[in-house]
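> Take this structure, written in structure tokens, and hold onto it; I'll ask about it next.
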Protein chains: 6
Amino acid sequence: MFYHIKELQYQAKPERPDPLFAKQLQEVLGGQFGEISVALQYLFQGWSVRGNGKYKDLLMDTGTEELAHIEMLATMIARLLEGAPVGDLEVAAKDPIIGAILGGMNPQHAIVSGLGALPADSVGNRWTADYIIASGNLLADFRANLNAESQGRLQAVRLYEATTDRGVKDMLAWLIARDTMHQNQWIAAIKELEEKENVVVPSTFPRELEKREVSHVLFNFSRGEESATGRWASGPSMDGEGDFQYVQKPLPLAKKPVLKPAPPYIHDTLPSVIKGDMLPPNIC
Amino acid sequence: MFYHIKELQYQAKPERPDPLFAKQLQEVLGGQFGEISVALQYLFQGWSVRGNGKYKDLLMDTGTEELAHIEMLATMIARLLEGAPVGDLEVAAKDPIIGAILGGMNPQHAIVSGLGALPADSVGNRWTADYIIASGNLLADFRANLNAESQGRLQAVRLYEATTDRGVKDMLAWLIARDTMHQNQWIAAIKELEEKENVVVPSTFPRELEKREVSHVLFNFSRGEESATGRWASGPSMDGEGDFQYVQKPLPLAKKPVLKPAPPYIHDTLPSVIKGDMLPPNIC
Amino acid sequence: MFYHIKELQYQAKPERPDPLFAKQLQEVLGGQFGEISVALQYLFQGWSVRGNGKYKDLLMDTGTEELAHIEMLATMIARLLEGAPVGDLEVAAKDPIIGAILGGMNPQHAIVSGLGALPADSVGNRWTADYIIASGNLLADFRANLNAESQGRLQAVRLYEATTDRGVKDMLAWLIARDTMHQNQWIAAIKELEEKENVVVPSTFPRELEKREVSHVLFNFSRGEESATGRWASGPSMDGEGDFQYVQKPLPLAKKPVLKPAPPYIHDTLPSVIKGDMLPPNIC
Amino acid sequence: MFYHIKELQYQAKPERPDPLFAKQLQEVLGGQFGEISVALQYLFQGWSVRGNGKYKDLLMDTGTEELAHIEMLATMIARLLEGAPVGDLEVAAKDPIIGAILGGMNPQHAIVSGLGALPADSVGNRWTADYIIASGNLLADFRANLNAESQGRLQAVRLYEATTDRGVKDMLAWLIARDTMHQNQWIAAIKELEEKENVVVPSTFPRELEKREVSHVLFNFSRGEESATGRWASGPSMDGEGDFQYVQKPLPLAKKPVLKPAPPYIHDTLPSVIKGDMLPPNIC
Amino acid sequence: MFYHIKELQYQAKPERPDPLFAKQLQEVLGGQFGEISVALQYLFQGWSVRGNGKYKDLLMDTGTEELAHIEMLATMIARLLEGAPVGDLEVAAKDPIIGAILGGMNPQHAIVSGLGALPADSVGNRWTADYIIASGNLLADFRANLNAESQGRLQAVRLYEATTDRGVKDMLAWLIARDTMHQNQWIAAIKELEEKENVVVPSTFPRELEKREVSHVLFNFSRGEESATGRWASGPSMDGEGDFQYVQKPLPLAKKPVLKPAPPYIHDTLPSVIKGDMLPPNIC
Amino acid sequence: MFYHIKELQYQAKPERPDPLFAKQLQEVLGGQFGEISVALQYLFQGWSVRGNGKYKDLLMDTGTEELAHIEMLATMIARLLEGAPVGDLEVAAKDPIIGAILGGMNPQHAIVSGLGALPADSVGNRWTADYIIASGNLLADFRANLNAESQGRLQAVRLYEATTDRGVKDMLAWLIARDTMHQNQWIAAIKELEEKENVVVPSTFPRELEKREVSHVLFNFSRGEESATGRWASGPSMDGEGDFQYVQKPLPLAKKPVLKPAPPYIHDTLPSVIKGDMLPPNIC
């Protein structure tokens, strides 16, 4: 169960409105690695942890914090949109600044949300749960989380570079620091689980059931052998279960597949027609 | 540029058709972590690497191999669908086996694809590029890749448990082994980059620009202090830049935001109406 | 900013696992009118309210409660999935109960989420922010909210009818009661705003600017005059601005449009080709 | 069955082309509350009404009219795009007007639709049936319709404010008037149904089956008591079934949930690993 | 502008309810090639035709008819759902028929639409305008239409094979005949346009501007020369502009691309890190 | 199985960066008819062909080539983005060129992909498998392919018109030529299949089972008889099975449908309420 207080976790106040930056900032609110994604990803993972304890609590702590970040960004975007102009763009274009604003802002910020934040990314794609990950396997999911915080901090840094507004920079500097922590915490949790289990997820599948002869092999499918010089191509494998091998010219291990004709009630192209699709003997 | 040979990388032949398992197997072909996702993710990352060398080559090697896995799964699914029945489900239900097949198979396997594989997951959602990640930052992206291979191997293992068909198990055992390698290789590449850069992505953002006072702090937003016992709550941080701290009762650092009214041409609720939304003085 | 406590707002404990009902119950978690929708809809509306006061607070109160409902449903679904079987469906079909479970459950509950809830509806469509509404105009949005609670309660009632599990029914009976309150509260808020403004949204657009001659007219576009007998076809209009009229044979008010040819660089079909698309004079 | 005549219901002729406004106008054609949404929403509701009579006829009358509105908007957009430039944007930017047009117009209007309207919104999201609602319960659905017409009129008004083209304004003034009627008619229909049934949807669920102790309670989940001053917090409830109550400090009614471990074939994190996730006794 | 009459274009009455077939039949209502797709595709094409005459009229005739087909299918599906059971699936599974119905039907038919048709396909994906095509070039679009009618008739035929209900078969036999006509009419229109223009779309692009040396060449990118035996590999090309050629071993025509480093403010991996990604000299 | 070489099939080198054109060019990479669509469409069709021979080989040849086109476009877009500015848009707007670039480019090219290509179209919609078609029926699918190459070439030509960069034009001229070939080859294959089967897909459905009385009839559903003058309205039908007929005033062939009430557990509006929805006798 959740409680809300109206104070923000950290201030979200731009020096001045900037509808163009409002559009860009949507990326870290409603994009693939925006705050909606991390909030719901951590909460769904937390709700699915089977057992209570530090991992579940960590997920719930962090997921709940991310809700506060959605709030901060929604507030910042609403303020960046304050007083955003609407108007005839061709007319406005005579004033390059107004023209740039009208031409460059997200039209839905005026037409749809009435100068509020949208649950969408910087090009207007609505947020979708396609973005989130919760598998029930904590090591797998903490890797997803580390990725999300890496992509998220990268995007926040790029946005930091794209504005001169000190209020916006101030808030981003705070969110970037939180992403620093979140990367640190998932790394710590991953390290612990990797030590308890194995680096390969899931660690519970008996290794003798997989085709071990290809468990540590790099196949050179892209001509050129630059990849042969990497750590992944020789030496002991990271899972301690073998040695990396490099196969310069990978060959297929199976024959051309031949599929049987479909039954007549499927009305695929008839075998008798496909037969015309046979090779003349002298070409085979 | 690509060349194709018709031989499969590894065999994809079930003992017998099984339209129900065909539906489930779609998950690792066209789902969030299916082979389409990893193939296109690695290729898009590879095409964006600015510089040529071992990282780019590794991405192209692996992306190209994943195309062969799409092919294997498409072939396996087509074979699992061979001779799939269509018919009146209520009638068929009198024979529990036929009833279960008709009731449980993906109807699009008959109606739409004519007993071929679909670019979709196990519940029929079409594949979408929402699933893939390519940021231009290799450490971030290799973490995305490690996650993808972790989730992918986990799903393949779950499917392995769900069938008794030796042909299907044989192919899955091979794909699981490849996922073992791919986890190993991304771990190796990540380790190398983390040593060259820093564990925090992007490593190029000057640390003094972020709010360092919260860069290593765990806020206890979910009541209960289980998370305080984790490695992430005390001791040196993983990035070597400070010490983890734990804040038991996190407080807001900013005031309640007040948004200014929208301009009249937006036609949000009028301030005069909202004013009725003011608190009576004795409650403020 | 939010705080979380691990206790549930209300209990979410089924009498026994039921993976089939778990699939259906996803509708009110991750469907168009599920708890994710109402939670994010109310929060986004609340964050956009320009002014602080009772309307904003009501939105934040209710949005925060809905987060607790997501949690209850995620917990219930995880419990309904406890011990869910995986296995060979054709084999299983010999036992009609096991066959029905394997054939009817959402395969992603096993393969993707590891027996956890999914952010998806009852047929597996991932939740999307397409479902939510926040326009900045409170009367418009409260109508959206009343609709959401109406659809949501209807779906919860239908699910209540579809189970015999007393634990599930108990939780649904609680959620249904909350939907009762939420319908009541939005009706109250709507009534208040309608009295302050006008029933037509937005009330701030000067009526003389619209084509008032059709502001209260019902056009009979579907042959048959049943609709003429409704309150909406005669008598004073609901907005007090005129009288309803009924037009039995609506006629077009404009001519056939003729579009000018596209410029050559667009490469639409050439006018000279379209010209062959002219009528012979005797038919015009 | 439908008949089409080529005359427009109302004229759709701009004074001059304006590719930038064409992009914005897409919102009310193919957006969440555009004409495609209302047309298909009313028609699907109408086709599902079980019984014939005035409600069904009203739905079919209005749905059929909305088809004419799609047509008007598609025509207007095609005309606004007449002669739209294509060209080198960097070159064009030297002329601010041309630059603004090329930079601000929807590139798909040139590349994809050849200067025709798109079934998409103002940022290019393709229309989706996620937007529409048809539940079989008329009171629920008429509330959805009232919301749709409220949001739709609001958007049309915002667009009216954003143009100086008298032709566009003329058409919008007509559509705004129709939205006025449609809000009026759904209000009339809702009022009638509310009088026959109850304001709470569905009215057919026996009230004694819901947890009546929370059917009229406002929980104060967002700190601050502004919401306590609203009509929804005290006095008789709108459904006539009780009195509103306000709970200042809502408490959870259930314990922390504990989920049982997943079966081994799911390969979630093992209980023995999670066990490491237990609290040390002195913290519990 | 459109008029509606309540009589159906053709009868849509099953012998008996069949909720399982209702689910499958959704494919040709709301799937990729269902009636919503063709209706909106033809209407959008028609509204964009620049000029009036037989092509525009044909599009409007056919698009308007397809609206009647949506109506027929919506009616049929509602009737197939009449009296559909809801209930406890595990209990029901004891009766194989009821179990098959509950397990196999689309749960949204009960929970969401209240036994009405959904704007969705046979696996529950909501209809999306991603499915439709309108380019402004008639020859291109008529090819899209011919494809749509080919796929649509194929799906209708597959559904015809899947039922024994004479009422359903009767309606499908009628829709299949209409698809026969629609294929015929688009073929006729295509033939006419191909004679006026050229078979290659768009015919207006000056051929000398394209790289004519590869305008009629088949590159053998998939090893094996079966494709060399086709009409497309030798003889005069279909556009009368050259002769087909077959290239057995296609070679790249360009060098390996090298991308320049990103500017620092993008925070991609640094060139100095990538430099570690260089090949040792002896391997280059 | 696939092999990759790093050389491009054809050069992809612009004269100079142009982030605005990069955005537009995304259409033919990741749009509905972009190279991802044709690559995956042909490969999925090829993998599903039941039988080996020239048709399958042709599909695999062409699908594999399209992978090389994705690569060319990804490379071109990365180069067009080289050195793309980020920065304060309002400030930048003072320099119209920089302002146009910042305002007009896709913000995700900086924030998300780090100056790499996106798997998305020109307005930022992520690629989706909704775009692709593979039915198992070759004639149907080759028609889909001909359409895809027609739309694709049309879009490439429109982009060719929109740039003055000789490097971009050079690459587009090459891709346009390949589209010329691909249209030619699918026409050739279609012609061959139409001669072996019949022009109506699927040719295997017994014609006597369809309602032959409407198999060659054009219904005039859009008032005006322009369409009566087309080849499709008279003369022998294209399938050689009859003569086209034109019906000037199409009439319904069935009565108004009446749907039975829903069972009470569905909680649709009650029949007794709908009964109020009956017509008074004097109006029926």
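Each chain in the structure tokens gets a letter, A, B and so on, in the order shown; residues start at 1 in every chain, and ligands are counted from 1 in the order they appear.
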Quick one: residues within 12 Å of Val200 in chain F, only C-alpha atoms counted, chain neighbours fewer than 3 positions away excluded, as a ChimeraX atom specification?

/E:146-147,149-154,176-187 /F:137,139-140,143,190,193-197,203-207,215-216,237-241

> For the residues in the current selection, export N, CA and C atoms as a compact mmCIF listing (two decimals), in the first residue's frame.


# COMPACT_ATOMS: atom_id res chain seq x y z
N LEU E 146 -5.49 -5.55 -54.11
CA LEU E 146 -5.54 -6.92 -54.63
C LEU E 146 -4.94 -7.88 -53.60
N ASN E 147 -3.85 -7.47 -52.99
CA ASN E 147 -3.28 -8.31 -51.94
C ASN E 147 -4.26 -8.49 -50.79
N GLU E 149 -7.47 -8.38 -50.71
CA GLU E 149 -8.59 -9.27 -51.05
C GLU E 149 -8.12 -10.72 -51.21
N SER E 150 -6.87 -10.89 -51.62
CA SER E 150 -6.33 -12.25 -51.74
C SER E 150 -6.12 -12.87 -50.37
N GLN E 151 -5.50 -12.12 -49.48
CA GLN E 151 -5.29 -12.62 -48.12
C GLN E 151 -6.64 -12.80 -47.41
N GLY E 152 -7.54 -11.86 -47.65
CA GLY E 152 -8.83 -11.92 -46.96
C GLY E 152 -9.65 -13.12 -47.41
N ARG E 153 -9.67 -13.38 -48.71
CA ARG E 153 -10.44 -14.54 -49.18
C ARG E 153 -9.80 -15.84 -48.69
N LEU E 154 -8.48 -15.88 -48.66
CA LEU E 154 -7.78 -17.06 -48.16
C LEU E 154 -8.17 -17.34 -46.72
N ILE E 176 -17.00 -14.79 -49.38
CA ILE E 176 -15.97 -15.32 -50.29
C ILE E 176 -16.28 -14.90 -51.73
N ALA E 177 -17.54 -14.94 -52.10
CA ALA E 177 -17.93 -14.51 -53.45
C ALA E 177 -17.63 -13.02 -53.66
N ARG E 178 -17.89 -12.24 -52.63
CA ARG E 178 -17.58 -10.80 -52.76
C ARG E 178 -16.08 -10.58 -52.90
N ASP E 179 -15.30 -11.38 -52.19
CA ASP E 179 -13.85 -11.28 -52.34
C ASP E 179 -13.42 -11.68 -53.76
N THR E 180 -14.13 -12.63 -54.32
CA THR E 180 -13.87 -13.00 -55.72
C THR E 180 -14.06 -11.78 -56.62
N MET E 181 -15.20 -11.10 -56.43
CA MET E 181 -15.44 -9.90 -57.23
C MET E 181 -14.36 -8.86 -56.99
N HIS E 182 -14.02 -8.65 -55.73
CA HIS E 182 -13.08 -7.58 -55.43
C HIS E 182 -11.69 -7.89 -56.00
N GLN E 183 -11.30 -9.15 -55.99
CA GLN E 183 -10.04 -9.48 -56.67
C GLN E 183 -10.16 -9.18 -58.16
N ASN E 184 -11.27 -9.59 -58.72
CA ASN E 184 -11.49 -9.33 -60.15
C ASN E 184 -11.43 -7.84 -60.48
N GLN E 185 -12.07 -7.04 -59.65
CA GLN E 185 -12.14 -5.62 -60.00
C GLN E 185 -10.79 -4.93 -59.86
N TRP E 186 -10.03 -5.31 -58.84
CA TRP E 186 -8.71 -4.65 -58.71
C TRP E 186 -7.78 -5.12 -59.83
N ILE E 187 -7.91 -6.40 -60.23
CA ILE E 187 -7.10 -6.86 -61.37
C ILE E 187 -7.43 -6.04 -62.61
N ASN F 137 0.38 -19.10 -48.88
CA ASN F 137 -0.13 -19.18 -50.25
C ASN F 137 0.71 -18.25 -51.11
N LEU F 139 0.78 -17.19 -54.27
CA LEU F 139 0.22 -16.16 -55.13
C LEU F 139 -0.23 -14.96 -54.28
N ALA F 140 -0.91 -15.25 -53.18
CA ALA F 140 -1.30 -14.16 -52.28
C ALA F 140 -0.06 -13.39 -51.83
N ARG F 143 1.70 -11.16 -54.35
CA ARG F 143 0.97 -9.90 -54.51
C ARG F 143 1.32 -8.92 -53.37
N ILE F 190 4.17 -13.86 -60.29
CA ILE F 190 2.71 -13.81 -60.20
C ILE F 190 2.09 -14.33 -61.50
N LEU F 193 2.25 -18.06 -61.68
CA LEU F 193 1.29 -18.75 -60.80
C LEU F 193 -0.13 -18.55 -61.28
N GLU F 194 -0.44 -17.36 -61.77
CA GLU F 194 -1.80 -17.13 -62.27
C GLU F 194 -2.10 -18.04 -63.45
N GLU F 195 -1.08 -18.34 -64.22
CA GLU F 195 -1.32 -19.26 -65.34
C GLU F 195 -1.50 -20.69 -64.87
N LYS F 196 -0.80 -21.06 -63.82
CA LYS F 196 -0.94 -22.42 -63.29
C LYS F 196 -2.23 -22.59 -62.50
N GLU F 197 -2.63 -21.56 -61.81
CA GLU F 197 -3.82 -21.67 -60.95
C GLU F 197 -4.95 -20.85 -61.58
N SER F 203 -7.08 -20.53 -55.33
CA SER F 203 -7.71 -21.15 -56.50
C SER F 203 -8.30 -22.51 -56.16
N THR F 204 -8.01 -22.99 -54.98
CA THR F 204 -8.39 -24.36 -54.62
C THR F 204 -9.77 -24.46 -53.97
N PHE F 205 -10.38 -23.34 -53.72
CA PHE F 205 -11.72 -23.40 -53.11
C PHE F 205 -12.74 -23.63 -54.22
N PRO F 206 -13.54 -24.69 -54.09
CA PRO F 206 -14.51 -25.02 -55.16
C PRO F 206 -15.47 -23.86 -55.40
N ARG F 207 -15.50 -23.40 -56.61
CA ARG F 207 -16.33 -22.24 -56.93
C ARG F 207 -17.81 -22.45 -56.67
N SER F 215 -20.47 -13.11 -57.43
CA SER F 215 -19.02 -13.22 -57.62
C SER F 215 -18.47 -12.23 -58.64
N HIS F 216 -19.34 -11.62 -59.42
CA HIS F 216 -18.83 -10.69 -60.44
C HIS F 216 -19.68 -9.42 -60.52
N SER F 237 -15.42 -11.37 -66.85
CA SER F 237 -14.62 -11.14 -65.63
C SER F 237 -13.19 -11.60 -65.87
N MET F 238 -12.28 -11.12 -65.04
CA MET F 238 -10.86 -11.39 -65.24
C MET F 238 -10.51 -12.85 -64.96
N ASP F 239 -11.35 -13.51 -64.17
CA ASP F 239 -11.06 -14.91 -63.84
C ASP F 239 -11.68 -15.88 -64.84
N GLY F 240 -12.33 -15.32 -65.87
CA GLY F 240 -12.89 -16.18 -66.91
C GLY F 240 -14.06 -17.01 -66.44
N GLU F 241 -14.64 -16.61 -65.33
CA GLU F 241 -15.71 -17.43 -64.75
C GLU F 241 -17.09 -16.80 -64.92

> With 7 Å as the limit and counting only C-alpha atoms, what residues in chain F lie close to chain C? Please list them as a ChimeraX atom specification.

/F:158,161,226,265-266,279

> Using only N, CA, C and O atoms, please write the residues we just selected to a file, as a PDB file, in the first residue's frame.


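Result went into selection-v5.pdb, see below:
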ATOM      1  N   ARG F 158      10.164   9.688 -53.711  1.00  0.00           N
ATOM      2  CA  ARG F 158       9.794  10.938 -53.040  1.00  0.00           C
ATOM      3  C   ARG F 158      10.965  11.481 -52.216  1.00  0.00           C
ATOM      4  O   ARG F 158      11.165  12.697 -52.140  1.00  0.00           O
ATOM      5  N   GLU F 161      13.525  13.160 -54.423  1.00  0.00           N
ATOM      6  CA  GLU F 161      13.132  14.516 -54.801  1.00  0.00           C
ATOM      7  C   GLU F 161      13.411  15.518 -53.680  1.00  0.00           C
ATOM      8  O   GLU F 161      13.460  16.723 -53.925  1.00  0.00           O
ATOM      9  N   GLU F 226     -20.057   6.896 -61.895  1.00  0.00           N
ATOM     10  CA  GLU F 226     -18.772   6.928 -62.576  1.00  0.00           C
ATOM     11  C   GLU F 226     -18.162   5.534 -62.658  1.00  0.00           C
ATOM     12  O   GLU F 226     -17.564   5.158 -63.663  1.00  0.00           O
ATOM     13  N   TYR F 265     -25.592 -12.975 -15.905  1.00  0.00           N
ATOM     14  CA  TYR F 265     -24.247 -12.898 -15.317  1.00  0.00           C
ATOM     15  C   TYR F 265     -23.301 -12.032 -16.145  1.00  0.00           C
ATOM     16  O   TYR F 265     -22.159 -11.836 -15.766  1.00  0.00           O
ATOM     17  N   ILE F 266     -23.770 -11.559 -17.284  1.00  0.00           N
ATOM     18  CA  ILE F 266     -22.940 -10.657 -18.081  1.00  0.00           C
ATOM     19  C   ILE F 266     -23.172  -9.198 -17.687  1.00  0.00           C
ATOM     20  O   ILE F 266     -22.335  -8.336 -17.931  1.00  0.00           O
ATOM     21  N   LEU F 279     -40.184   0.996 -29.543  1.00  0.00           N
ATOM     22  CA  LEU F 279     -40.898   2.061 -30.233  1.00  0.00           C
ATOM     23  C   LEU F 279     -42.358   2.047 -29.817  1.00  0.00           C
ATOM     24  O   LEU F 279     -42.958   0.982 -29.668  1.00  0.00           O
TER      25      LEU F 279
END

> One number please: CA of Val28 in chain D to CA of Thr64 in chain D, in Å, one decimal.

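These atoms are spaced 16.7 Å apart.
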
> So that I can see what lies close to Ile5 in chain B, please list as a PDB file with C-alpha atoms, in the first residue's frame the residues with an atom at most 7 Å from it, counting only C-alpha atoms and leaving out residues fewer than 4 positions away in the same chain.


ATOM      1  CA  SER E 222      21.008 -17.654 -51.073  1.00  0.00           C
ATOM      2  CA  ARG E 223      23.360 -20.414 -52.155  1.00  0.00           C
TER       3      ARG E 223
ATOM      4  CA  MET F   1      22.310 -19.929 -41.991  1.00  0.00           C
ATOM      5  CA  PHE F   2      23.822 -16.586 -42.847  1.00  0.00           C
TER       6      PHE F   2
END

> As number ranges by chain, please: every residue in range 87-171 of chain A that a backbone DSSP assignment puts in helix (DSSP H, G or I).

A: 89-92, 96-104, 107-111, 129-131, 138-161, 166-171

> In Å, rounded to a single decimal, give me how far CA of Val214 in chain A is from CA of Gly242 in chain A.

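So the answer is 10.5 Å.
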
> Neighbours of Phe244 in chain D within 6 Å (only C-alpha atoms; same-chain residues fewer than 2 positions away dropped), as a PyMOL selection string?

chain D and resi 216-217+233-237

> Hey, what's within 12 Å of Gly104 in chain E if we count only C-alpha atoms and toss same-chain stuff fewer than 2 positions away? As JSON, numbers by chain, please?

{"B": [89, 90, 93, 99, 100, 101, 102, 103, 104, 105, 106, 107], "C": [20, 99, 100, 101, 102, 103, 104, 105, 106, 123], "E": [18, 19, 20, 21, 22, 23, 24, 84, 85, 86, 89, 93, 96, 97, 98, 99, 100, 101, 102, 106, 107, 108, 109, 122, 123]}

> Given the selection you just returned, output its residues as a file containing C-alpha atoms, formatted as a PDB file, in the first residue's frame.


ATOM      1  CA  LEU B  89     -14.142 -27.206 -31.864  1.00  0.00           C
ATOM      2  CA  GLU B  90     -17.327 -28.156 -30.088  1.00  0.00           C
ATOM      3  CA  ALA B  93     -14.058 -31.506 -27.909  1.00  0.00           C
ATOM      4  CA  GLY B  99     -10.290 -30.761 -28.488  1.00  0.00           C
ATOM      5  CA  ALA B 100      -7.228 -29.731 -26.544  1.00  0.00           C
ATOM      6  CA  ILE B 101      -5.286 -29.131 -29.753  1.00  0.00           C
ATOM      7  CA  LEU B 102      -7.985 -27.055 -31.412  1.00  0.00           C
ATOM      8  CA  GLY B 103      -8.778 -25.152 -28.239  1.00  0.00           C
ATOM      9  CA  GLY B 104      -5.181 -24.538 -27.289  1.00  0.00           C
ATOM     10  CA  MET B 105      -3.402 -23.804 -30.547  1.00  0.00           C
ATOM     11  CA  ASN B 106      -2.916 -20.293 -31.887  1.00  0.00           C
ATOM     12  CA  PRO B 107      -5.766 -19.839 -34.404  1.00  0.00           C
TER      13      PRO B 107
ATOM     14  CA  LEU C  20      -6.972 -20.215 -15.671  1.00  0.00           C
ATOM     15  CA  GLY C  99      -5.339 -30.501 -20.058  1.00  0.00           C
ATOM     16  CA  ALA C 100      -7.744 -27.651 -19.518  1.00  0.00           C
ATOM     17  CA  ILE C 101      -5.250 -25.863 -17.296  1.00  0.00           C
ATOM     18  CA  LEU C 102      -2.340 -26.209 -19.684  1.00  0.00           C
ATOM     19  CA  GLY C 103      -4.450 -25.403 -22.724  1.00  0.00           C
ATOM     20  CA  GLY C 104      -6.227 -22.490 -21.156  1.00  0.00           C
ATOM     21  CA  MET C 105      -3.610 -20.706 -19.106  1.00  0.00           C
ATOM     22  CA  ASN C 106      -1.542 -17.819 -20.439  1.00  0.00           C
ATOM     23  CA  VAL C 123      -5.533 -11.989 -23.822  1.00  0.00           C
TER      24      VAL C 123
ATOM     25  CA  ASP E  18     -20.377 -21.235 -30.772  1.00  0.00           C
ATOM     26  CA  PRO E  19     -18.153 -18.970 -28.665  1.00  0.00           C
ATOM     27  CA  LEU E  20     -15.043 -20.752 -29.867  1.00  0.00           C
ATOM     28  CA  PHE E  21     -15.737 -20.011 -33.488  1.00  0.00           C
ATOM     29  CA  ALA E  22     -16.656 -16.453 -32.510  1.00  0.00           C
ATOM     30  CA  LYS E  23     -13.063 -16.040 -31.395  1.00  0.00           C
ATOM     31  CA  GLN E  24     -11.678 -17.365 -34.660  1.00  0.00           C
ATOM     32  CA  ALA E  84     -21.878 -18.048 -23.730  1.00  0.00           C
ATOM     33  CA  PRO E  85     -21.101 -19.564 -20.372  1.00  0.00           C
ATOM     34  CA  VAL E  86     -18.892 -18.009 -17.749  1.00  0.00           C
ATOM     35  CA  LEU E  89     -13.027 -23.387 -15.605  1.00  0.00           C
ATOM     36  CA  ALA E  93     -13.437 -28.972 -17.302  1.00  0.00           C
ATOM     37  CA  PRO E  96     -15.314 -31.623 -21.780  1.00  0.00           C
ATOM     38  CA  ILE E  97     -17.606 -29.525 -23.970  1.00  0.00           C
ATOM     39  CA  ILE E  98     -18.103 -26.759 -21.417  1.00  0.00           C
ATOM     40  CA  GLY E  99     -14.459 -27.002 -20.478  1.00  0.00           C
ATOM     41  CA  ALA E 100     -13.389 -26.600 -24.078  1.00  0.00           C
ATOM     42  CA  ILE E 101     -15.672 -23.602 -24.504  1.00  0.00           C
ATOM     43  CA  LEU E 102     -14.507 -21.818 -21.388  1.00  0.00           C
ATOM     44  CA  ASN E 106     -11.687 -15.205 -25.864  1.00  0.00           C
ATOM     45  CA  PRO E 107     -12.139 -14.095 -22.243  1.00  0.00           C
ATOM     46  CA  GLN E 108     -12.665 -10.507 -23.374  1.00  0.00           C
ATOM     47  CA  HIS E 109     -15.868 -11.584 -25.136  1.00  0.00           C
ATOM     48  CA  SER E 122      -8.458 -13.948 -33.424  1.00  0.00           C
ATOM     49  CA  VAL E 123      -5.760 -13.729 -30.764  1.00  0.00           C
TER      50      VAL E 123
END

> Could you jot down the CA of Gln41 in chain A to CA of Ile133 in chain A separation for me, Å, one decimal place?

5.9 Å
